[in-house]
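Asker: Have a peek at my_file_35.pdb (PDB, C-alpha atoms).
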ATOM      1  CA  MET A   1     161.767 -10.938 -96.664
ATOM      2  CA  MET A   2     163.635 -12.263 -99.690
ATOM      3  CA  SER A   3     167.130 -12.161-101.138
ATOM      4  CA  LEU A   4     168.124 -10.765-104.524
ATOM      5  CA  ASN A   5     170.243 -13.259-106.428
ATOM      6  CA  ALA A   6     172.647 -12.090-109.151
ATOM      7  CA  ASP A   7     172.940 -15.667-110.403
ATOM      8  CA  ARG A   8     170.050 -17.945-109.480
ATOM      9  CA  ARG A   9     171.911 -21.079-110.437
ATOM     10  CA  ARG A  10     174.638 -20.461-107.884
ATOM     11  CA  ASP A  11     172.396 -18.553-105.487
ATOM     12  CA  SER A  12     174.964 -15.749-105.386
ATOM     13  CA  THR A  13     173.493 -12.856-103.419
ATOM     14  CA  VAL A  14     173.996  -9.268-104.546
ATOM     15  CA  VAL A  15     175.981  -7.873-101.626
ATOM     16  CA  GLN A  16     175.396  -4.140-102.071
ATOM     17  CA  VAL A  17     173.285  -1.821-104.205
ATOM     18  CA  ASN A  18     174.263   1.839-104.389
ATOM     19  CA  LEU A  19     171.300   4.028-105.253
ATOM     20  CA  PRO A  20     170.638   5.677-107.605
ATOM     21  CA  ALA A  21     173.822   4.651-109.483
ATOM     22  CA  ASP A  22     173.082   0.912-109.604
ATOM     23  CA  LEU A  23     169.318   1.169-110.083
ATOM     24  CA  GLU A  24     169.108   1.114-113.886
ATOM     25  CA  ASN A  25     171.568  -1.758-114.262
ATOM     26  CA  LEU A  26     169.868  -3.757-111.509
ATOM     27  CA  LEU A  27     166.427  -3.466-113.068
ATOM     28  CA  GLN A  28     167.779  -4.706-116.404
ATOM     29  CA  GLN A  29     169.147  -7.989-115.027
ATOM     30  CA  PRO A  30     167.412 -11.092-116.461
ATOM     31  CA  TRP A  31     166.753 -12.461-112.945
ATOM     32  CA  CYS A  32     165.095  -9.231-111.811
ATOM     33  CA  THR A  33     161.426 -10.234-111.866
ATOM     34  CA  ALA A  34     158.474  -7.883-111.643
ATOM     35  CA  ALA A  35     158.172  -8.670-107.927
ATOM     36  CA  ILE A  36     161.841  -7.835-107.291
ATOM     37  CA  LYS A  37     161.599  -4.637-109.349
ATOM     38  CA  LYS A  38     158.628  -3.549-107.249
ATOM     39  CA  LYS A  39     160.557  -4.151-104.014
ATOM     40  CA  VAL A  40     163.626  -2.312-105.314
ATOM     41  CA  MET A  41     161.591   0.725-106.339
ATOM     42  CA  ARG A  42     159.859   0.792-102.943
ATOM     43  CA  ILE A  43     163.244   0.690-101.228
ATOM     44  CA  SER A  44     164.519   3.515-103.425
ATOM     45  CA  GLU A  45     161.488   5.660-102.611
ATOM     46  CA  LEU A  46     161.837   4.881 -98.913
ATOM     47  CA  LEU A  47     165.524   5.815 -98.757
ATOM     48  CA  ASN A  48     164.817   9.093-100.547
ATOM     49  CA  LYS A  49     162.542  10.055 -97.652
ATOM     50  CA  LEU A  50     164.937   8.997 -94.885
ATOM     51  CA  PRO A  51     168.114  10.671 -93.537
ATOM     52  CA  PRO A  52     171.236  10.192 -95.740
ATOM     53  CA  GLU A  53     172.818   7.702 -93.312
ATOM     54  CA  SER A  54     169.830   5.340 -93.568
ATOM     55  CA  SER A  55     170.054   1.936 -95.243
ATOM     56  CA  VAL A  56     167.890  -1.087 -96.023
ATOM     57  CA  VAL A  57     168.797  -4.771 -96.015
ATOM     58  CA  ILE A  58     166.835  -7.528 -97.722
ATOM     59  CA  THR A  59     167.541 -11.072 -96.607
ATOM     60  CA  SER A  60     165.781 -14.366 -96.036
ATOM     61  CA  ALA A  61     163.850 -14.940 -92.807
ATOM     62  CA  ASN A  62     166.191 -17.706 -91.652
ATOM     63  CA  ALA A  63     169.229 -15.464 -92.088
ATOM     64  CA  VAL A  64     168.072 -12.480 -90.038
ATOM     65  CA  LEU A  65     170.318 -13.326 -87.058
ATOM     66  CA  THR A  66     173.351 -13.642 -89.326
ATOM     67  CA  GLU A  67     172.555 -10.248 -90.824
ATOM     68  CA  LEU A  68     172.094  -8.587 -87.449
ATOM     69  CA  PHE A  69     174.957 -10.104 -85.475
ATOM     70  CA  THR A  70     177.816 -10.639 -87.943
ATOM     71  CA  HIS A  71     180.050  -8.232 -89.853
ATOM     72  CA  HIS A  72     179.670  -9.870 -93.270
ATOM     73  CA  GLY A  73     175.881 -10.185 -93.207
ATOM     74  CA  SER A  74     173.901 -12.444 -95.512
ATOM     75  CA  GLY A  75     171.561 -10.256 -97.547
ATOM     76  CA  THR A  76     171.536  -7.326 -99.953
ATOM     77  CA  PHE A  77     172.487  -3.933 -98.552
ATOM     78  CA  PHE A  78     170.803  -0.865-100.094
ATOM     79  CA  LYS A  79     172.296   2.574 -99.543
ATOM     80  CA  ASN A  80     171.761   5.998-101.093
ATOM     81  CA  THR A  81     175.069   7.353-102.393
ATOM     82  CA  GLU A  82     176.064  10.396-104.402
ATOM     83  CA  PRO A  83     176.004   9.871-108.172
ATOM     84  CA  ILE A  84     179.472   9.823-109.747
ATOM     85  CA  LYS A  85     179.959  11.981-112.837
ATOM     86  CA  LYS A  86     182.788  11.888-115.391
ATOM     87  CA  TYR A  87     184.579  14.909-116.813
ATOM     88  CA  LYS A  88     187.219  15.292-119.499
ATOM     89  CA  SER A  89     187.936  18.954-118.830
ATOM     90  CA  LEU A  90     188.571  20.911-115.645
ATOM     91  CA  ALA A  91     186.594  23.782-117.137
ATOM     92  CA  ASP A  92     183.403  21.852-116.369
ATOM     93  CA  VAL A  93     183.931  21.600-112.596
ATOM     94  CA  ASP A  94     184.214  23.918-109.612
ATOM     95  CA  LEU A  95     187.968  23.820-108.948
ATOM     96  CA  LYS A  96     187.605  25.655-105.663
ATOM     97  CA  ARG A  97     185.339  22.929-104.248
ATOM     98  CA  LEU A  98     187.477  20.142-105.712
ATOM     99  CA  ASN A  99     190.614  21.715-104.278
ATOM    100  CA  GLU A 100     188.965  21.869-100.849
ATOM    101  CA  LEU A 101     187.959  18.189-101.039
ATOM    102  CA  ILE A 102     191.554  17.166-101.689
ATOM    103  CA  ARG A 103     192.840  19.452 -98.941
ATOM    104  CA  ARG A 104     190.454  17.903 -96.400
ATOM    105  CA  SER A 105     191.141  14.349 -97.538
ATOM    106  CA  PHE A 106     194.928  14.539 -97.571
ATOM    107  CA  GLY A 107     195.441  17.183 -94.929
ATOM    108  CA  ARG A 108     197.756  19.059 -97.292
ATOM    109  CA  VAL A 109     197.548  21.955 -99.727
ATOM    110  CA  LEU A 110     198.057  21.449-103.454
ATOM    111  CA  LYS A 111     200.665  23.543-105.222
ATOM    112  CA  ASP A 112     199.324  26.607-106.989
ATOM    113  CA  ASP A 113     200.186  25.255-110.435
ATOM    114  CA  TYR A 114     198.787  21.745-109.872
ATOM    115  CA  TRP A 115     195.578  22.246-111.861
ATOM    116  CA  GLU A 116     197.382  24.045-114.665
ATOM    117  CA  ARG A 117     199.871  21.185-115.024
ATOM    118  CA  LEU A 118     197.075  18.635-114.826
ATOM    119  CA  GLN A 119     194.975  20.138-117.619
ATOM    120  CA  GLY A 120     197.210  18.870-120.434
ATOM    121  CA  ARG A 121     197.523  15.402-118.887
ATOM    122  CA  LEU A 122     193.956  14.808-117.712
ATOM    123  CA  ASN A 123     192.298  11.667-119.004
ATOM    124  CA  THR A 124     189.216  11.444-116.791
ATOM    125  CA  LEU A 125     188.009  13.133-113.628
ATOM    126  CA  TYR A 126     185.439  11.208-111.579
ATOM    127  CA  LEU A 127     183.553  13.452-109.199
ATOM    128  CA  SER A 128     180.600  12.854-106.909
ATOM    129  CA  GLU A 129     177.649  15.190-107.283
ATOM    130  CA  GLU A 130     178.259  16.971-103.963
ATOM    131  CA  TYR A 131     182.070  17.046-104.276
ATOM    132  CA  ASN A 132     182.649  14.471-101.545
ATOM    133  CA  ALA A 133     184.662  12.016-103.645
ATOM    134  CA  ALA A 134     186.976  12.286-106.627
ATOM    135  CA  ALA A 135     189.395  10.229-108.687
ATOM    136  CA  ILE A 136     191.804  11.790-111.165
ATOM    137  CA  VAL A 137     193.270   9.633-113.957
ATOM    138  CA  THR A 138     196.002  11.086-116.147
ATOM    139  CA  ASN A 139     197.792  10.192-119.375
ATOM    140  CA  GLU A 140     201.492   9.601-118.765
ATOM    141  CA  GLN A 141     204.394   8.741-121.052
ATOM    142  CA  VAL A 142     204.831   5.140-119.906
ATOM    143  CA  ASP A 143     203.696   2.865-122.722
ATOM    144  CA  GLY A 144     200.324   4.624-122.755
ATOM    145  CA  MET A 145     199.455   3.427-119.251
ATOM    146  CA  PRO A 146     196.906   5.617-117.415
ATOM    147  CA  TYR A 147     197.916   6.794-113.951
ATOM    148  CA  LEU A 148     195.655   7.287-110.927
ATOM    149  CA  ASP A 149     196.921  10.645-109.732
ATOM    150  CA  LYS A 150     194.416  11.190-106.912
ATOM    151  CA  PHE A 151     191.779   9.090-105.173
ATOM    152  CA  SER A 152     190.018  11.200-102.589
ATOM    153  CA  VAL A 153     186.987  10.583-100.383
ATOM    154  CA  SER A 154     185.765  13.001 -97.732
ATOM    155  CA  THR A 155     185.936  11.704 -94.167
ATOM    156  CA  GLN A 156     182.283  12.720 -93.790
ATOM    157  CA  ILE A 157     181.101   9.920 -96.089
ATOM    158  CA  GLN A 158     183.726   7.244 -95.514
ATOM    159  CA  GLY A 159     182.124   3.916 -94.701
ATOM    160  CA  GLN A 160     179.036   4.676 -96.782
ATOM    161  CA  GLY A 161     180.104   2.728 -99.863
ATOM    162  CA  THR A 162     181.240   5.739-101.894
ATOM    163  CA  SER A 163     184.882   4.607-102.070
ATOM    164  CA  GLU A 164     183.864   1.272-103.534
ATOM    165  CA  MET A 165     181.462   2.868-105.995
ATOM    166  CA  LEU A 166     184.131   5.374-107.100
ATOM    167  CA  TRP A 167     186.643   2.569-107.572
ATOM    168  CA  GLU A 168     184.152   0.525-109.603
ATOM    169  CA  HIS A 169     183.735   3.447-112.008
ATOM    170  CA  VAL A 170     187.494   3.693-112.494
ATOM    171  CA  ARG A 171     187.988  -0.075-112.774
ATOM    172  CA  ARG A 172     185.200  -0.398-115.345
ATOM    173  CA  ASP A 173     186.714   2.265-117.624
ATOM    174  CA  PHE A 174     190.372   1.314-117.339
ATOM    175  CA  LYS A 175     191.540  -2.246-118.000
ATOM    176  CA  SER A 176     195.011  -1.363-116.776
ATOM    177  CA  LEU A 177     196.158   1.291-114.299
ATOM    178  CA  PHE A 178     198.955   2.165-111.901
ATOM    179  CA  TRP A 179     199.232   4.470-108.909
ATOM    180  CA  ARG A 180     201.269   5.052-105.786
ATOM    181  CA  SER A 181     200.654   5.638-102.103
ATOM    182  CA  ARG A 182     202.747   6.493 -99.077
ATOM    183  CA  GLY A 183     204.002   3.479 -97.174
ATOM    184  CA  SER A 184     202.262   4.815 -94.058
ATOM    185  CA  ASN A 185     198.875   5.233 -95.750
ATOM    186  CA  LYS A 186     196.233   3.462 -93.650
ATOM    187  CA  ILE A 187     194.183   2.475 -96.686
ATOM    188  CA  ASN A 188     197.032   0.552 -98.340
ATOM    189  CA  PRO A 189     195.406  -2.789 -97.371
ATOM    190  CA  TRP A 190     192.393  -1.624 -99.389
ATOM    191  CA  TYR A 191     194.696  -0.917-102.357
ATOM    192  CA  PHE A 192     196.466  -4.269-102.057
ATOM    193  CA  LYS A 193     193.129  -6.065-102.415
ATOM    194  CA  ARG A 194     192.366  -4.179-105.632
ATOM    195  CA  SER A 195     195.755  -4.442-107.296
ATOM    196  CA  GLU A 196     197.404  -7.313-109.130
ATOM    197  CA  GLY A 197     200.958  -6.272-108.370
ATOM    198  CA  SER A 198     202.912  -3.890-106.157
ATOM    199  CA  TRP A 199     206.369  -2.696-105.214
ATOM    200  CA  SER A 200     207.489  -0.887-102.082
ATOM    201  CA  ASP A 201     210.628   0.751-100.762
ATOM    202  CA  GLY A 202     209.115   1.607 -97.377
ATOM    203  CA  GLN A 203     208.425   5.228 -98.245
ATOM    204  CA  TRP A 204     206.249   4.521-101.278
ATOM    205  CA  THR A 205     204.185   1.630-102.561
ATOM    206  CA  VAL A 206     203.420   1.471-106.274
ATOM    207  CA  PHE A 207     200.341  -0.536-107.280
ATOM    208  CA  TRP A 208     199.061  -1.736-110.637
ATOM    209  CA  TYR A 209     196.621  -4.042-112.368
ATOM    210  CA  GLY A 210     196.290  -5.179-115.967
ATOM    211  CA  VAL A 211     200.072  -5.369-116.428
ATOM    212  CA  SER A 212     201.365  -8.704-117.724
ATOM    213  CA  GLN A 213     204.910  -7.765-118.762
ATOM    214  CA  PRO A 214     207.538  -7.613-115.966
ATOM    215  CA  LYS A 215     209.567  -5.048-117.917
ATOM    216  CA  LEU A 216     206.616  -2.670-118.016
ATOM    217  CA  SER A 217     206.040  -3.017-114.270
ATOM    218  CA  TYR A 218     209.665  -1.956-113.686
ATOM    219  CA  GLU A 219     209.127   1.097-115.885
ATOM    220  CA  LEU A 220     205.945   2.010-114.011
ATOM    221  CA  VAL A 221     207.697   1.782-110.652
ATOM    222  CA  ASP A 222     210.591   3.929-111.875
ATOM    223  CA  PHE A 223     208.204   6.546-113.254
ATOM    224  CA  ALA A 224     206.001   6.717-110.154
ATOM    225  CA  ALA A 225     208.982   6.967-107.801
ATOM    226  CA  LYS A 226     210.303  10.048-109.611
ATOM    227  CA  LEU A 227     207.085  12.040-109.886
ATOM    228  CA  PRO A 228     207.283  15.615-108.578
ATOM    229  CA  SER A 229     205.332  16.689-105.538
ATOM    230  CA  SER A 230     201.685  17.706-105.766
ATOM    231  CA  PHE A 231     201.621  19.331-102.329
ATOM    232  CA  THR A 232     203.373  22.390-100.960
ATOM    233  CA  GLU A 233     204.242  20.675 -97.652
ATOM    234  CA  ASP A 234     206.232  18.018 -99.493
ATOM    235  CA  ASP A 235     208.843  20.344-100.980
ATOM    236  CA  ASP A 236     211.441  19.366 -98.402
ATOM    237  CA  ILE A 237     211.003  15.627 -99.045
ATOM    238  CA  GLY A 238     212.485  15.624-102.515
ATOM    239  CA  SER A 239     211.468  14.162-105.850
ATOM    240  CA  LYS A 240     209.417  11.321-104.357
ATOM    241  CA  ALA A 241     206.901  13.563-102.704
ATOM    242  CA  SER A 242     203.710  13.381-104.735
ATOM    243  CA  ILE A 243     201.017  10.915-103.775
ATOM    244  CA  ALA A 244     198.143   9.341-105.627
ATOM    245  CA  GLU A 245     196.139   7.717-102.908
TER     246      GLU A 245
END
Written as structure tokens, that's how I'd like the structure from this file.
Answerer:
Amino acid sequence: MMSLNADRRRDSTVVQVNLPADLENLLQQPWCTAAIKKKVMRISELLNKLPPESSVVITSANAVLTELFTHHGSGTFFKNTEPIKKYKSLADVDLKRLNELIRRSFGRVLKDDYWERLQGRLNTLYLSEEYNAAAIVTNEQVDGMPYLDKFSVSTQIQGQGTSEMLWEHVRRDFKSLFWRSRGSNKINPWYFKRSEGSWSDGQWTVFWYGVSQPKLSYELVDFAAKLPSSFTEDDDIGSKASIAE
């Protein structure tokens, strides 16, 4: 067995490869030799024939025990994941399926006018091929800062790398972003690791990255805290009831 190194000089191992999304970029890397390309293509073909939950790990022979008996591992993890597509208009997607994904993920029902109100504000919708993951980024009137209105991953595929792949798509396209999450949200630690700043009042936590001016961060917090509710069950909570997890 052998390891795939993203930077040979520092021997920095590629931790995870999501197929087919990462395949083209991986094969174009200057360190990706003909031998590595052959192994990668064989892995891709193998995973396409195996059940969806299957995975492959490539590591060095002297690191097999570390890979098998530790949480962090030592090699490169290959996993088939759903391709993520980008949309600029809701007319191009199946709103019924998208609505159901959000309902399952959040355990709440969106207001009837949510999609209508979103249409004029939509910047980009990221959606997995089988409607198991979605991220909705909107244009808001806060110094042109994009807002992550929804980040939703079906419980059926959590732990399969889709959340990370979805986030990487968003992060690559937006150099600055802000969003909010309920204080009780169990994935807030995941958000903290991916943000550069945050504010919390116990009920809500507002996150952001790419914001260098303190004044702007105050404006973002004030805006996010006053957003109207997205969900019907939140009507009795007041003006701070919408979430963008």
Asker: Kindly indicate which residue among A:Ser54, A:Arg180, A:Leu220, A:Asp112 lies nearest to Leu95 (chain A), using all atoms listed in the file for the distances.
Answerer: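 Of all the options, A:Asp112 lies closest to Leu95 (chain A).
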Asker: Taking 5 positions as the minimum chain separation for residues in the same chain, which residues sit within 8 Å of Val57 (chain A) when counting all atoms listed in the file? Answer as a VMD selection string.
Answerer: chain A and resid 75 to 78
Asker: Near region 222-231 of chain A, within 12 Å and counting all atoms listed in the file, which residues show up once chain neighbours fewer than 5 positions away are dropped, as a ChimeraX atom specification?
Answerer: /A:99,102-103,106-118,140-143,145-150,177-182,198-208,215-217,236-245
Asker: What separation in Å, quoted to one decimal, exists between CA of Trp31 (chain A) and CA of Val15 (chain A)?
Answerer: 15.3 Å
Asker: For each of A:Gln16, A:Asp22, A:Trp167, A:Lys175, take the minimum atom-to-atom distance to Arg194 (chain A), counting all atoms listed in the file, then give the residue where this is smallest.
Answerer: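 With all atoms listed in the file as the atom set, the closest residue is A:Trp167.
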Asker: Find the spatial neighbours of Asn48 (chain A), counting only C-alpha atoms, within a cut-off of 10 Å - ignore same-chain residues fewer than 6 positions away - and output them as a PyMOL selection string.
Answerer: chain A and resi 19-20+42+54+79-80
Asker: Using C-alpha atoms, can you write the selected residues to a file as a short mmCIF file (atom, residue, chain, number, x, y, z; two decimals), keeping the file's coordinate frame?
Answerer:
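That gives us part-v4.cif:
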data_model
loop_
_atom_site.label_atom_id
_atom_site.label_comp_id
_atom_site.auth_asym_id
_atom_site.auth_seq_id
_atom_site.Cartn_x
_atom_site.Cartn_y
_atom_site.Cartn_z
CA LEU A 19 171.30 4.03 -105.25
CA PRO A 20 170.64 5.68 -107.60
CA ARG A 42 159.86 0.79 -102.94
CA SER A 54 169.83 5.34 -93.57
CA LYS A 79 172.30 2.57 -99.54
CA ASN A 80 171.76 6.00 -101.09
#
Asker: Rounded to one decimal, what separation in Å do you get between CA of Lys96 (chain A) and CA of Ser163 (chain A)?
Answerer: 21.5 Å
Asker: What does the distance between CA of Ser128 (chain A) and CA of Ser154 (chain A) come to in Å, to one decimal place?
Answerer: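 Answer for the CA of Ser128 (chain A) to CA of Ser154 (chain A) separation: 10.5 Å.
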Asker: Choose the residue, out of A:Ser152, A:Ser176, A:Ser89, A:Thr33, that has the smallest atom-to-atom separation from Leu122 (chain A); count only C-alpha atoms.
Answerer: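 Closest candidate: A:Ser89.
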Asker: So that I can check the surroundings of Glu82 (chain A), please list as a list in words every protein, DNA and RNA residue that reaches within 9 Å of it, counting only C-alpha atoms and ignoring chain neighbours fewer than 4 positions away.
Answerer: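 What passes the distance filter is Asn18, Leu19, Pro20, Ala21, Ser128, Glu129, Glu130, Tyr131, Asn132, Ala133 and Thr162 of chain A.
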Asker: Which is closest to Tyr191 (chain A) among A:Ser60, A:Glu53, A:Ile43, A:Glu164, if we use all atoms listed in the file?
Answerer: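 Smallest separation from Tyr191 (chain A) among the options: A:Glu164.
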Asker: Have a look at A:Val137, A:Gln156, A:Asn123, A:Lys85 and name the one nearest to Leu101 (chain A); count only C-alpha atoms.
Answerer: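 Closest candidate: A:Gln156.
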